[in-house]
Amino acid sequence: MKNQKETIRKMVGYLNNPEKDGGFWLPNIQRPFVWNEGQIERLFDSIMREYPISTLLVWKTKSNIRRRKFIDNYKHGLRLTDFYVPADNKTKMLVLDGQQRLQSLFIGLKGSYEKKELYFDILSGELVAPEDIRFRFKFIESEKAKLPWVKFKDLVFSRDEYDEISENVIASFDRELTIDEKKTIRKNVARIVRVFQTEENIVYQELDSVDKPNLYTEDDVVEIFIRANSGGTVLGKSDLLFSLLTVSWEDADEKMQELLDELNRTGYGFNRDFILKTCLTLLGKGAAYNVTKFRDEATRESIVANWDRIASAIKDIKDYLYGKTYIRSDKALPSYLVLIPVIYFRYHYEDKWRHAKGIDDYILRTLVSGAFSGNPDNLIDKCTREIDSKQDFMVNDIFGAIRADGRSLEIARETIFDQYYGSKNIHLIFNIWYKDFNYHPSFQNNSPQVDHIFPQSLLKSVKIKNPNTGRRDVLKYKWWDRDQIANLMLLTQQENGAGGKSDTSPEEWFKDKPEDYLDLHLIPKDKDLWRLENYESFIEERKKLIEKKFSYLIIREN
């Protein structure tokens with residue numbers, strides 16, 4: 001392993017460019033780019049401050065390995081498969097550690113972020129505290145950029161001398177600059193030329209499998225990749241396990257992305273972590289993550305060989321969830337892990353799955369009660385063993401296994417009334433309550449919104465006497481009074497948007513509403529209760545209606 005050095009400008013020019021040792025690329029074991037605009041802007045501030053960039057890790061190889069390009073023009077929703085490069089046996093440089101930094105540099109110096117390019121405040125640079133921003137960078141749409149913001153890539157890639165660059169920037173202002181401002185511009189340009197063009201600030205360790213083909217095999221490189229990333233927060237455990245799977249399966253990333261795209265098309269949030277845990281469970285390896293499971297070639301080969309069946313089982317359960325329950329969005333599904341035993345049943349006992357009963361009751365009760373909270377790996381294994389012992393999904397027996405694991409399935413009155421604005425299960429409860437609401441409109445901003453019946457501003461206006469001062473300056477209704485589920489309802493975006501309910505009092509909002517609207521939202525019909533002075537009585541009456549609504553769920557264990 002040897003250390004190499006390059007200037008930032010040269011290094012960025014090597015990305016996706018086969019003229020330099022076959023070019024620098026990303027292997028498919030790398031996860032997607034995850035940095036946001038602010039993180040990229042801070043990276044450039046750090047570089048301008050001459051803070052060190054951590055050493056990168058690069059693999060020089062001729063192996064016929066799938067790789068992808070660095071993204072120049074980044075936007076949300078990009079598919080990694082669109083950036084794949086055909087595999088070949090030519091020399092290439094694959095970046096194993098440092099993707100986020102190099103990708104950020106590439107976007108800032110060669111491309112854009114959501115159609116905005118990186119600009120630099122040429123008059124910034126005053127000394128500040130270490131944690132503050134000193135050199136100001138910002139992604140701006142070109143047509144909206146105004147001085148002192150200057151397109152940064154134009155400065156870094158200029159072929160002029162630094163004094164010419166400085167004078168051109170100064171001349172571009174439509175006002176006379178002060179002596180200090182001109183001095184700041186010249187200092188900043190000189191620093192940019194030095195830090196980005198002249199000094200070799202990029203250091204990377206090179207694993208050379210071209211000149212030393214026996215020293216670093218593909219398995220060795222995967223192991224190095226895992227060790228290089230597992231010490232920090234760059235990768236999660238599922239990313240590390242997936243990196244092992246890609247050794248045996250060339251199309252792993254593409255197949256995984258295809259499955260996730262299909263699962264999440266209707267508003268869910270399935271992820272790779274869930275898929276990998278499901279694979280282990282279906283193949284009888286146990287739900288718990290263990291790197292040795294994925295190092296076992298037989299396990300990897302089994303996943304590849306059974307992938308179509310695994311994917312079909314997962315998709316069937318997603319379709320069941322969407323078509324047979326009212327849990328139709330990510331917001332309403334606080335735990336995806338409750339689905340794994342059902343997927344196991346569908347995978348191993350497909351004929352019986354078509355006639356199974358009580359699956360919806362199992363899903364609903366485990367979600368509302370939080371039975372799979374914490375670390376449920378052992379519980380998942382117990383449920384699958386119970387399924388195998390009966391060769392069927394006997395809901396009462398599954399519930400028995402859950403209770404035997406020390407977990408409660410009780411849905412008490414408090415389970416409902418302990419929900420509040422912003423709580424984890426509020427959308428699950430509302431999804432059961434409002435069965436016909438569209439939780440996944442085509443436009444994300446049209447998603448239903450949880451709204452306060454008595455607006456926050458109205459309740460905050462009610463003050464009581466301060467026992468210490470005698471003044472009426474103490475809020476009567478604390479946050480738990482205002483945010484409780486009995487003061488909440490679900491509204492469409494149109495109802496709650498501009499010109500909608502907003503801060504309208506219930507007395508005004510409900511006065512012209514038909515009876516079926518009041519029934520949908522479980523609003524007491526006594527109009528006197530809609531007045532602010534009767535807020536507490538309104539809450540008590542509405543709790544009775546909510547409890548009646550969920551009475552079929554609120555059943556205590558024997």
# chains A, B, ... in the order shown; residues from 1 in each chain; ligands from 1
$ residues_around --residues "A:Glu114" --least-positions-apart "3" --cutoff "12 Å" --atoms "only C-alpha atoms" --output "list in words"
Asn36, Glu37, Ile71, Asp72, Asn73, Tyr74, Lys75, His76, Gly77, Leu78, Ile107, Gly108, Gly111, Glu117, Leu118, Phe139, Ile140, Glu141 and Ser142 of chain A
$ write_last_selection --atoms "C-alpha atoms" --output "PDB file, in the first residue's frame"
ATOM      1  CA  ASN A  36     -26.863  17.604   1.714  1.00  0.00           C
ATOM      2  CA  GLU A  37     -26.126  21.131   0.509  1.00  0.00           C
ATOM      3  CA  ILE A  71     -22.520  12.192 -10.091  1.00  0.00           C
ATOM      4  CA  ASP A  72     -21.928  15.663 -11.474  1.00  0.00           C
ATOM      5  CA  ASN A  73     -25.442  17.129 -11.546  1.00  0.00           C
ATOM      6  CA  TYR A  74     -27.062  15.774  -8.398  1.00  0.00           C
ATOM      7  CA  LYS A  75     -30.796  15.746  -7.773  1.00  0.00           C
ATOM      8  CA  HIS A  76     -33.004  13.782  -5.406  1.00  0.00           C
ATOM      9  CA  GLY A  77     -34.441  10.583  -6.808  1.00  0.00           C
ATOM     10  CA  LEU A  78     -31.485   9.702  -9.018  1.00  0.00           C
ATOM     11  CA  ILE A 107     -20.604  18.418  -7.482  1.00  0.00           C
ATOM     12  CA  GLY A 108     -19.183  21.732  -6.262  1.00  0.00           C
ATOM     13  CA  GLY A 111     -21.616  20.075 -11.545  1.00  0.00           C
ATOM     14  CA  GLU A 117     -24.178  25.698  -8.693  1.00  0.00           C
ATOM     15  CA  LEU A 118     -21.714  26.414  -5.902  1.00  0.00           C
ATOM     16  CA  PHE A 139     -25.611  26.630  -3.889  1.00  0.00           C
ATOM     17  CA  ILE A 140     -27.478  29.231  -5.973  1.00  0.00           C
ATOM     18  CA  GLU A 141     -29.382  29.186  -9.245  1.00  0.00           C
ATOM     19  CA  SER A 142     -27.127  31.001 -11.714  1.00  0.00           C
TER      20      SER A 142
END
$ select_by_dssp --residues "stretch 379-457 of chain A" --states "helix (DSSP H, G or I)" --output "PyMOL selection string"
chain A and resi 379-390+395-404+413-417+426-433+444-446+456-457
$ write_last_selection --atoms "N, CA and C atoms" --output "CSV table (one decimal), in the first residue's frame"
chain,number,residue,atom,x,y,z
A,379,LEU,N,-37.7,-12.4,18.9
A,379,LEU,CA,-39.1,-12.6,18.7
A,379,LEU,C,-39.5,-13.0,17.3
A,380,ILE,N,-38.8,-12.5,16.3
A,380,ILE,CA,-39.1,-12.9,14.9
A,380,ILE,C,-38.8,-14.4,14.8
A,381,ASP,N,-37.7,-14.8,15.3
A,381,ASP,CA,-37.3,-16.2,15.2
A,381,ASP,C,-38.3,-17.1,15.9
A,382,LYS,N,-38.8,-16.7,17.1
A,382,LYS,CA,-39.8,-17.5,17.8
A,382,LYS,C,-41.1,-17.6,17.0
A,383,CYS,N,-41.5,-16.5,16.3
A,383,CYS,CA,-42.7,-16.5,15.5
A,383,CYS,C,-42.5,-17.5,14.3
A,384,THR,N,-41.4,-17.4,13.7
A,384,THR,CA,-41.2,-18.3,12.5
A,384,THR,C,-41.1,-19.8,13.0
A,385,ARG,N,-40.6,-20.1,14.2
A,385,ARG,CA,-40.6,-21.5,14.7
A,385,ARG,C,-42.0,-21.9,14.9
A,386,GLU,N,-42.8,-21.0,15.4
A,386,GLU,CA,-44.3,-21.3,15.7
A,386,GLU,C,-45.0,-21.6,14.4
A,387,ILE,N,-44.7,-20.8,13.4
A,387,ILE,CA,-45.3,-21.1,12.0
A,387,ILE,C,-44.9,-22.5,11.5
A,388,ASP,N,-43.6,-22.8,11.7
A,388,ASP,CA,-43.1,-24.1,11.2
A,388,ASP,C,-43.7,-25.3,12.0
A,389,SER,N,-43.9,-25.0,13.3
A,389,SER,CA,-44.5,-26.1,14.1
A,389,SER,C,-45.9,-26.5,13.7
A,390,LYS,N,-46.7,-25.5,13.3
A,390,LYS,CA,-48.1,-25.7,12.9
A,390,LYS,C,-48.2,-25.7,11.4
A,395,VAL,N,-53.0,-17.3,14.3
A,395,VAL,CA,-52.8,-16.0,14.9
A,395,VAL,C,-52.8,-16.1,16.5
A,396,ASN,N,-53.6,-16.9,17.1
A,396,ASN,CA,-53.6,-17.0,18.5
A,396,ASN,C,-52.3,-17.6,19.0
A,397,ASP,N,-51.8,-18.6,18.3
A,397,ASP,CA,-50.6,-19.2,18.7
A,397,ASP,C,-49.4,-18.2,18.5
A,398,ILE,N,-49.4,-17.5,17.5
A,398,ILE,CA,-48.4,-16.4,17.3
A,398,ILE,C,-48.5,-15.4,18.4
A,399,PHE,N,-49.7,-15.0,18.8
A,399,PHE,CA,-49.8,-14.1,19.9
A,399,PHE,C,-49.3,-14.7,21.2
A,400,GLY,N,-49.5,-16.0,21.3
A,400,GLY,CA,-48.9,-16.7,22.5
A,400,GLY,C,-47.4,-16.7,22.5
A,401,ALA,N,-46.8,-16.8,21.4
A,401,ALA,CA,-45.3,-16.8,21.3
A,401,ALA,C,-44.9,-15.4,21.6
A,402,ILE,N,-45.6,-14.4,21.2
A,402,ILE,CA,-45.2,-13.0,21.5
A,402,ILE,C,-45.3,-12.7,23.0
A,403,ARG,N,-46.4,-13.2,23.6
A,403,ARG,CA,-46.6,-13.0,25.1
A,403,ARG,C,-45.5,-13.8,25.8
A,404,ALA,N,-45.2,-15.0,25.3
A,404,ALA,CA,-44.2,-15.8,26.0
A,404,ALA,C,-42.8,-15.1,26.0
A,413,ARG,N,-57.1,1.7,26.8
A,413,ARG,CA,-57.6,3.0,26.5
A,413,ARG,C,-56.5,4.0,26.4
A,414,GLU,N,-55.5,3.8,27.3
A,414,GLU,CA,-54.4,4.8,27.3
A,414,GLU,C,-53.5,4.7,26.1
A,415,THR,N,-53.5,3.5,25.4
A,415,THR,CA,-52.7,3.3,24.2
A,415,THR,C,-53.2,4.3,23.1
A,416,ILE,N,-54.5,4.6,23.1
A,416,ILE,CA,-55.0,5.5,22.1
A,416,ILE,C,-54.8,6.9,22.6
A,417,PHE,N,-55.2,7.2,23.9
A,417,PHE,CA,-55.2,8.6,24.4
A,417,PHE,C,-53.8,9.1,24.8
A,426,ILE,N,-49.2,8.4,15.8
A,426,ILE,CA,-50.4,9.2,15.6
A,426,ILE,C,-51.0,8.9,14.2
A,427,HIS,N,-50.1,8.7,13.2
A,427,HIS,CA,-50.6,8.5,11.8
A,427,HIS,C,-51.1,7.1,11.7
A,428,LEU,N,-50.6,6.1,12.4
A,428,LEU,CA,-51.2,4.8,12.4
A,428,LEU,C,-52.6,4.8,13.0
A,429,ILE,N,-52.8,5.5,14.1
A,429,ILE,CA,-54.1,5.6,14.7
A,429,ILE,C,-55.1,6.3,13.7
A,430,PHE,N,-54.6,7.4,13.1
A,430,PHE,CA,-55.5,8.1,12.2
A,430,PHE,C,-55.8,7.4,10.9
A,431,ASN,N,-54.8,6.5,10.5
A,431,ASN,CA,-55.0,5.7,9.3
A,431,ASN,C,-56.1,4.7,9.5
A,432,ILE,N,-56.2,4.2,10.7
A,432,ILE,CA,-57.3,3.2,11.1
A,432,ILE,C,-58.6,4.0,11.2
A,433,TRP,N,-58.5,5.2,11.8
A,433,TRP,CA,-59.7,6.0,12.0
A,433,TRP,C,-60.3,6.5,10.7
A,444,GLN,N,-46.4,15.4,-3.0
A,444,GLN,CA,-46.1,15.1,-1.6
A,444,GLN,C,-46.8,16.2,-0.7
A,445,ASN,N,-46.8,17.5,-1.1
A,445,ASN,CA,-47.3,18.5,-0.3
A,445,ASN,C,-48.8,18.4,-0.1
A,446,ASN,N,-49.5,17.5,-0.8
A,446,ASN,CA,-50.9,17.3,-0.6
A,446,ASN,C,-51.2,16.2,0.4
A,456,GLN,N,-53.7,26.1,18.4
A,456,GLN,CA,-52.7,26.4,19.5
A,456,GLN,C,-52.8,27.9,19.9
A,457,SER,N,-52.9,28.8,19.0
A,457,SER,CA,-52.9,30.2,19.3
A,457,SER,C,-54.1,30.6,20.2
$ closest_residue --among "A:Leu155, A:Ile192, A:Val221, A:Ile303" --to "A:Leu245" --atoms "only C-alpha atoms"
A:Ile303
$ select_by_dssp --residues "stretch 201-381 of chain A" --states "strand (DSSP E)" --output "list in words"
Ile202, Val203, Tyr204, Gln205, Glu206, Leu207 and Asp208 of chain A
$ write_last_selection --atoms "C-alpha atoms" --output "PDB file, in the first residue's frame"
ATOM      1  CA  ILE A 202      -5.564  15.195  -1.543  1.00  0.00           C
ATOM      2  CA  VAL A 203      -3.816  12.144  -0.100  1.00  0.00           C
ATOM      3  CA  TYR A 204      -4.935   8.639  -0.984  1.00  0.00           C
ATOM      4  CA  GLN A 205      -3.685   5.185  -0.117  1.00  0.00           C
ATOM      5  CA  GLU A 206      -3.467   2.961  -3.158  1.00  0.00           C
ATOM      6  CA  LEU A 207      -4.117  -0.779  -3.053  1.00  0.00           C
ATOM      7  CA  ASP A 208      -2.313  -1.907  -6.197  1.00  0.00           C
TER       8      ASP A 208
END
$ closest_residue --among "A:Ala87, A:Val368, A:Cys279, A:Ile122" --to "A:Pro341" --atoms "only C-alpha atoms"
A:Cys279
$ closest_residue --among "A:Trp35, A:Tyr552, A:Tyr268, A:Tyr421" --to "A:Asn487" --atoms "only C-alpha atoms"
A:Tyr421
$ residues_around --residues "A:Asp316" --least-positions-apart "5" --cutoff "9 Å" --atoms "only C-alpha atoms" --output "ChimeraX atom specification"
/A:311,321,343,346
$ write_last_selection --atoms "C-alpha atoms" --output "short mmCIF file (atom, residue, chain, number, x, y, z; two decimals), in the first residue's frame"
data_model
loop_
_atom_site.label_atom_id
_atom_site.label_comp_id
_atom_site.auth_asym_id
_atom_site.auth_seq_id
_atom_site.Cartn_x
_atom_site.Cartn_y
_atom_site.Cartn_z
CA ALA A 311 -38.84 -10.66 -3.81
CA LEU A 321 -50.89 -4.44 3.42
CA ILE A 343 -43.46 -12.86 4.69
CA ARG A 346 -46.00 -16.61 2.49
#
